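Raw contents of start_38.pdb, PDB, C-alpha atoms:
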MODEL        1
ATOM      1  CA  MET A   1      80.433 159.297  99.962
ATOM      2  CA  ASN A   2      80.709 159.537 103.752
ATOM      3  CA  GLN A   3      82.688 162.773 103.560
ATOM      4  CA  LEU A   4      79.576 164.627 102.454
ATOM      5  CA  PRO A   5      77.649 166.426 105.189
ATOM      6  CA  CYS A   6      74.508 164.764 106.499
ATOM      7  CA  GLN A   7      71.537 165.524 104.243
ATOM      8  CA  LEU A   8      67.757 165.613 104.572
ATOM      9  CA  TYR A   9      65.565 162.820 103.183
ATOM     10  CA  LEU A  10      61.851 163.671 103.362
ATOM     11  CA  ILE A  11      59.215 160.940 103.610
ATOM     12  CA  SER A  12      55.680 161.796 102.625
ATOM     13  CA  PRO A  13      52.673 161.529 104.910
ATOM     14  CA  LEU A  14      50.185 158.842 103.857
ATOM     15  CA  ASP A  15      47.786 161.524 102.600
ATOM     16  CA  VAL A  16      49.412 163.353  99.704
ATOM     17  CA  GLY A  17      46.223 164.731  98.186
ATOM     18  CA  GLY A  18      44.604 168.119  98.732
ATOM     19  CA  ASP A  19      47.129 170.899  99.258
ATOM     20  CA  PHE A  20      50.072 168.544  99.844
ATOM     21  CA  PRO A  21      51.798 169.525  96.569
ATOM     22  CA  ASP A  22      51.891 173.107  97.899
ATOM     23  CA  GLN A  23      53.387 171.866 101.168
ATOM     24  CA  LEU A  24      56.039 169.925  99.282
ATOM     25  CA  GLU A  25      56.866 172.938  97.139
ATOM     26  CA  ALA A  26      57.245 175.049 100.262
ATOM     27  CA  ALA A  27      59.460 172.451 101.952
ATOM     28  CA  LEU A  28      61.765 171.996  98.964
ATOM     29  CA  SER A  29      62.036 175.752  98.471
ATOM     30  CA  ALA A  30      63.122 176.296 102.077
ATOM     31  CA  GLY A  31      66.448 174.480 102.048
ATOM     32  CA  PRO A  32      68.490 171.650 100.554
ATOM     33  CA  VAL A  33      66.728 168.266 100.438
ATOM     34  CA  ALA A  34      68.452 165.243  98.899
ATOM     35  CA  ALA A  35      65.460 162.979  98.366
ATOM     36  CA  PHE A  36      61.704 162.673  98.767
ATOM     37  CA  GLN A  37      60.034 159.317  99.374
ATOM     38  CA  PHE A  38      56.495 158.815  98.051
ATOM     39  CA  ARG A  39      54.780 156.585 100.604
ATOM     40  CA  VAL A  40      51.069 155.841 100.186
ATOM     41  CA  LYS A  41      49.117 152.748 101.207
ATOM     42  CA  GLY A  42      45.934 151.084 100.007
ATOM     43  CA  VAL A  43      45.476 152.951  96.734
ATOM     44  CA  SER A  44      45.265 151.593  93.206
ATOM     45  CA  VAL A  45      48.120 151.891  90.726
ATOM     46  CA  GLU A  46      46.076 154.487  88.833
ATOM     47  CA  GLN A  47      45.497 156.542  91.979
ATOM     48  CA  ALA A  48      49.131 156.274  93.028
ATOM     49  CA  THR A  49      50.297 157.330  89.579
ATOM     50  CA  ALA A  50      47.970 160.340  89.598
ATOM     51  CA  LEU A  51      49.075 161.359  93.106
ATOM     52  CA  ALA A  52      52.759 160.908  92.305
ATOM     53  CA  ALA A  53      52.816 162.912  89.061
ATOM     54  CA  PRO A  54      52.622 166.468  90.467
ATOM     55  CA  LEU A  55      54.961 165.582  93.337
ATOM     56  CA  LYS A  56      57.571 164.144  91.003
ATOM     57  CA  SER A  57      57.382 167.306  88.884
ATOM     58  CA  ILE A  58      58.062 169.416  91.966
ATOM     59  CA  CYS A  59      60.999 167.195  92.946
ATOM     60  CA  ASP A  60      62.399 167.310  89.412
ATOM     61  CA  ALA A  61      62.223 171.099  89.417
ATOM     62  CA  HIS A  62      64.221 171.214  92.656
ATOM     63  CA  ASP A  63      66.680 168.482  91.617
ATOM     64  CA  VAL A  64      65.447 166.257  94.458
ATOM     65  CA  ALA A  65      65.522 162.485  93.969
ATOM     66  CA  PHE A  66      62.001 161.008  93.826
ATOM     67  CA  VAL A  67      61.897 157.627  95.607
ATOM     68  CA  VAL A  68      58.899 155.273  95.654
ATOM     69  CA  ASN A  69      58.267 153.256  98.811
ATOM     70  CA  ASP A  70      57.767 149.493  98.393
ATOM     71  CA  ASP A  71      56.351 149.482  94.859
ATOM     72  CA  VAL A  72      58.881 148.474  92.184
ATOM     73  CA  ALA A  73      56.268 148.407  89.413
ATOM     74  CA  LEU A  74      55.104 151.939  90.237
ATOM     75  CA  ALA A  75      58.699 153.153  90.365
ATOM     76  CA  GLU A  76      59.259 151.751  86.886
ATOM     77  CA  LYS A  77      55.976 153.148  85.546
ATOM     78  CA  ILE A  78      56.584 156.734  86.609
ATOM     79  CA  GLY A  79      60.332 156.769  86.005
ATOM     80  CA  ALA A  80      61.232 157.292  89.651
ATOM     81  CA  ASP A  81      64.817 158.007  90.632
ATOM     82  CA  GLY A  82      64.702 155.293  93.277
ATOM     83  CA  VAL A  83      62.739 152.721  95.223
ATOM     84  CA  HIS A  84      62.901 151.934  98.922
ATOM     85  CA  LEU A  85      62.319 148.316  99.914
ATOM     86  CA  GLY A  86      61.609 146.741 103.272
ATOM     87  CA  GLN A  87      62.738 143.270 104.232
ATOM     88  CA  SER A  88      59.379 141.796 103.155
ATOM     89  CA  ASP A  89      59.057 143.673  99.870
ATOM     90  CA  ALA A  90      60.254 142.706  96.384
ATOM     91  CA  GLY A  91      63.798 141.412  96.511
ATOM     92  CA  LEU A  92      66.780 143.578  95.735
ATOM     93  CA  LYS A  93      67.918 141.337  92.880
ATOM     94  CA  MET A  94      64.485 141.358  91.227
ATOM     95  CA  ALA A  95      64.138 145.111  91.630
ATOM     96  CA  ARG A  96      67.558 145.689  90.091
ATOM     97  CA  GLU A  97      66.739 143.479  87.117
ATOM     98  CA  LEU A  98      63.497 145.373  86.502
ATOM     99  CA  LEU A  99      64.720 148.908  87.131
ATOM    100  CA  GLY A 100      68.281 148.756  85.813
ATOM    101  CA  GLN A 101      71.505 150.148  87.191
ATOM    102  CA  ASP A 102      70.610 153.848  87.172
ATOM    103  CA  VAL A 103      67.782 153.648  89.720
ATOM    104  CA  GLN A 104      68.741 154.029  93.372
ATOM    105  CA  ILE A 105      67.597 151.127  95.567
ATOM    106  CA  GLY A 106      67.483 151.493  99.329
ATOM    107  CA  ILE A 107      66.891 148.704 101.821
ATOM    108  CA  THR A 108      65.434 148.814 105.342
ATOM    109  CA  CYS A 109      67.809 146.970 107.676
ATOM    110  CA  HIS A 110      66.204 147.793 111.062
ATOM    111  CA  ASP A 111      68.917 147.241 113.695
ATOM    112  CA  SER A 112      70.685 144.384 111.897
ATOM    113  CA  ARG A 113      74.318 144.524 110.837
ATOM    114  CA  HIS A 114      73.816 141.219 109.020
ATOM    115  CA  LEU A 115      70.920 142.523 106.896
ATOM    116  CA  ALA A 116      72.876 145.674 106.144
ATOM    117  CA  MET A 117      75.923 143.731 104.965
ATOM    118  CA  GLU A 118      73.697 141.535 102.800
ATOM    119  CA  ALA A 119      72.088 144.609 101.246
ATOM    120  CA  GLY A 120      75.398 146.343 100.663
ATOM    121  CA  GLU A 121      77.008 143.291  99.117
ATOM    122  CA  GLY A 122      73.852 142.689  97.059
ATOM    123  CA  GLY A 123      74.131 146.041  95.320
ATOM    124  CA  ALA A 124      71.901 148.374  97.354
ATOM    125  CA  ASN A 125      72.640 152.066  96.915
ATOM    126  CA  TYR A 126      71.921 152.826 100.560
ATOM    127  CA  VAL A 127      70.786 151.100 103.740
ATOM    128  CA  ALA A 128      68.359 152.463 106.330
ATOM    129  CA  PHE A 129      68.578 151.824 110.060
ATOM    130  CA  GLY A 130      65.803 152.527 112.580
ATOM    131  CA  ALA A 131      63.592 153.366 114.263
ATOM    132  CA  PHE A 132      65.970 155.325 116.462
ATOM    133  CA  PHE A 133      63.145 157.051 118.347
ATOM    134  CA  PRO A 134      59.429 156.403 118.911
ATOM    135  CA  THR A 135      57.395 157.262 115.814
ATOM    136  CA  ASP A 136      53.733 157.495 114.847
ATOM    137  CA  THR A 137      54.502 157.097 111.120
ATOM    138  CA  LYS A 138      54.553 153.307 111.245
ATOM    139  CA  GLU A 139      54.634 150.451 113.738
ATOM    140  CA  THR A 140      58.230 149.644 114.674
ATOM    141  CA  HIS A 141      59.810 146.736 116.511
ATOM    142  CA  HIS A 142      63.496 147.616 116.227
ATOM    143  CA  ARG A 143      65.439 150.238 118.151
ATOM    144  CA  PRO A 144      69.085 150.469 117.109
ATOM    145  CA  GLU A 145      71.690 152.548 118.888
ATOM    146  CA  PRO A 146      73.555 155.334 117.032
ATOM    147  CA  GLU A 147      76.714 153.191 117.174
ATOM    148  CA  ILE A 148      75.401 151.119 114.261
ATOM    149  CA  LEU A 149      75.762 154.200 112.033
ATOM    150  CA  GLN A 150      79.354 154.653 113.157
ATOM    151  CA  TRP A 151      80.090 150.987 112.483
ATOM    152  CA  TRP A 152      78.550 151.140 109.011
ATOM    153  CA  SER A 153      80.449 154.249 107.969
ATOM    154  CA  THR A 154      83.733 152.577 108.871
ATOM    155  CA  VAL A 155      83.116 149.289 107.034
ATOM    156  CA  MET A 156      81.153 150.303 103.915
ATOM    157  CA  GLU A 157      81.272 153.096 101.368
ATOM    158  CA  ILE A 158      77.565 153.218 100.498
ATOM    159  CA  PRO A 159      75.502 155.702 102.516
ATOM    160  CA  CYS A 160      73.312 154.988 105.523
ATOM    161  CA  VAL A 161      69.985 156.581 106.366
ATOM    162  CA  ALA A 162      68.770 157.087 109.923
ATOM    163  CA  ILE A 163      64.998 156.862 110.308
ATOM    164  CA  GLY A 164      62.321 156.860 112.974
ATOM    165  CA  GLY A 165      60.978 159.701 115.100
ATOM    166  CA  ILE A 166      63.814 162.060 114.173
ATOM    167  CA  THR A 167      63.403 165.710 115.136
ATOM    168  CA  VAL A 168      65.587 168.804 115.121
ATOM    169  CA  GLU A 169      65.976 168.342 118.866
ATOM    170  CA  ASN A 170      67.111 164.693 118.908
ATOM    171  CA  CYS A 171      69.081 164.294 115.665
ATOM    172  CA  GLN A 172      72.516 165.491 116.769
ATOM    173  CA  PRO A 173      73.775 162.088 118.051
ATOM    174  CA  LEU A 174      72.800 160.501 114.708
ATOM    175  CA  ILE A 175      74.684 163.150 112.745
ATOM    176  CA  GLU A 176      77.733 162.724 114.956
ATOM    177  CA  ALA A 177      77.556 158.927 114.611
ATOM    178  CA  GLY A 178      77.874 159.206 110.848
ATOM    179  CA  ALA A 179      74.382 159.195 109.333
ATOM    180  CA  ASP A 180      74.597 160.280 105.696
ATOM    181  CA  PHE A 181      70.885 161.081 105.566
ATOM    182  CA  LEU A 182      68.194 161.849 108.138
ATOM    183  CA  ALA A 183      64.819 160.486 107.028
ATOM    184  CA  VAL A 184      62.100 162.695 108.493
ATOM    185  CA  SER A 185      58.356 162.821 108.094
ATOM    186  CA  GLY A 186      56.103 163.932 110.951
ATOM    187  CA  SER A 187      58.618 166.435 112.295
ATOM    188  CA  VAL A 188      58.373 168.310 108.981
ATOM    189  CA  TRP A 189      54.756 167.906 107.874
ATOM    190  CA  ASN A 190      53.326 168.377 111.395
ATOM    191  CA  ASP A 191      55.501 171.309 112.411
ATOM    192  CA  PRO A 192      53.187 173.990 113.852
ATOM    193  CA  ASP A 193      55.084 176.619 111.859
ATOM    194  CA  GLY A 194      54.699 174.671 108.617
ATOM    195  CA  PRO A 195      56.982 172.419 106.568
ATOM    196  CA  ALA A 196      59.121 175.257 105.203
ATOM    197  CA  ALA A 197      59.998 176.377 108.728
ATOM    198  CA  ALA A 198      60.788 172.782 109.670
ATOM    199  CA  VAL A 199      63.180 172.363 106.736
ATOM    200  CA  ARG A 200      64.899 175.632 107.651
ATOM    201  CA  LYS A 201      65.402 174.358 111.213
ATOM    202  CA  PHE A 202      66.917 171.093 109.961
ATOM    203  CA  THR A 203      69.080 173.003 107.475
ATOM    204  CA  THR A 204      70.484 175.100 110.304
ATOM    205  CA  ARG A 205      71.149 172.005 112.410
ATOM    206  CA  LEU A 206      72.772 170.065 109.576
ATOM    207  CA  GLY A 207      74.816 173.093 108.561
ATOM    208  CA  SER A 208      76.205 173.440 112.065
ATOM    209  CA  GLU A 209      78.353 170.359 111.586
TER
ENDMDL
END

Please render this file's structure as structure tokens.
Amino acid sequence: MNQLPCQLYLISPLDVGGDFPDQLEAALSAGPVAAFQFRVKGVSVEQATALAAPLKSICDAHDVAFVVNDDVALAEKIGADGVHLGQSDAGLKMARELLGQDVQIGITCHDSRHLAMEAGEGGANYVAFGAFFPTDTKETHHRPEPEILQWWSTVMEIPCVAIGGITVENCQPLIEAGADFLAVSGSVWNDPDGPAAAVRKFTTRLGSE
């Protein structure tokens, strides 16, 4: 798994209404993206399902894994490819029992080697470390060093995701440390040249390895 080049993992903005499906289409058409995480807060199951449907169709058309943030029930309902869980969300064991073996389950491990080992040994498909840099996407209290990615890639086979304030300009140390995926949000959706241009920039950077 770790021999693969580092890949892009897009995380949605909180507002995925309006013209966001067009933005997602543009982003996924611009370069290779491994996964897209659907991350909305404070909406009903019905609203979330309605918002997710067109986005999942776009991801399916581009062969991009569609991952639901936090919500195991929603992931099951819409047939998502994966679910991403934080430390305070539904437990890994419960999620696995509900979703089965074919759904990818990722776990946020902050800056903790212990939490990462627990997740890996518990059957997670990937672990996420961060935030590596300041981010406006969510409040963060953990700031790991890139060395944790290097450590993980030497002790475990399952992939690791680097997250938190990652841009084209600051991502090189994370790639070199062994990140399998770069999780990016604001640096793509808020790029002044548009999300397609942002994905092309990341593609160039990731391809330079």

Next item on the list: Show me as a PyMOL selection string the residues that reach within 7 Å of (58.6, 162.6, 113.3), counting only C-alpha atoms and using the file's own coordinates.
Entry: chain A and resi 135+164-167+184-187

Check: How would you write, as a ChimeraX atom specification, the residues chosen by the PyMOL selection byres ((chain A and resi 98) around 12) on this structure?
Finding: /A:71-77,79,83,90-97,99-103,105

Margin query: Excluding His110 of chain A and its own-chain neighbours fewer than 6 positions away, which residues fall within 6 Å of it when counting all atoms listed in the file? Please give them as a list in words.
Written below: Phe129, Gly130 and His142 of chain A

Check: List as a list in words: which residues have an atom within 10 Å of (82.4, 150.7, 99.9), counting all atoms listed in the file?
Finding: Met1, Asn2, Gly120, Glu121, Trp152, Ser153, Thr154, Val155, Met156, Glu157, Ile158 and Pro159 of chain A

So that I can check the surroundings of Tyr9 of chain A, please list as a PDB file with C-alpha atoms, keeping the file's coordinate frame every protein, DNA and RNA residue that reaches within 8 Å of it, counting all atoms listed in the file and ignoring chain neighbours fewer than 3 positions away.
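So the final result, stored in selection-v1.pdb, reads:
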ATOM      1  CA  VAL A  33      66.728 168.266 100.438  1.00  0.00           C
ATOM      2  CA  ALA A  34      68.452 165.243  98.899  1.00  0.00           C
ATOM      3  CA  ALA A  35      65.460 162.979  98.366  1.00  0.00           C
ATOM      4  CA  PHE A  36      61.704 162.673  98.767  1.00  0.00           C
ATOM      5  CA  GLN A  37      60.034 159.317  99.374  1.00  0.00           C
ATOM      6  CA  PHE A 181      70.885 161.081 105.566  1.00  0.00           C
ATOM      7  CA  LEU A 182      68.194 161.849 108.138  1.00  0.00           C
ATOM      8  CA  ALA A 183      64.819 160.486 107.028  1.00  0.00           C
ATOM      9  CA  VAL A 184      62.100 162.695 108.493  1.00  0.00           C
TER      10      VAL A 184
END

Checklist line | Atom-to-atom span, atom CA of Leu51 of chain A and atom CA of Asp89 of chain A, Å | finding: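 The value is 21.4 Å.
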
Item checked: Nearest to Phe202 of chain A, chosen from A:Cys109, A:Val188, A:Ala128, A:Ile58, with all atoms listed in the file counted in the distances ->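 Smallest separation from Phe202 of chain A among the options: A:Val188.
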
Notebook entry, point to check: What does the distance from atom CA of Ala116 of chain A to atom CA of Glu176 of chain A come to in Å, to one decimal?
Noted result: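 Atom-to-atom, atom CA of Ala116 of chain A and atom CA of Glu176 of chain A are spaced 19.8 Å apart.
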
Notebook entry, point to check: Could you name the residues that touch His84 of chain A at 8 Å or less, counting all atoms listed in the file, but leaving out those on the same chain fewer than 5 positions away, as a VMD selection string?
Noted result: chain A and resid 37 67 to 70 105 to 108
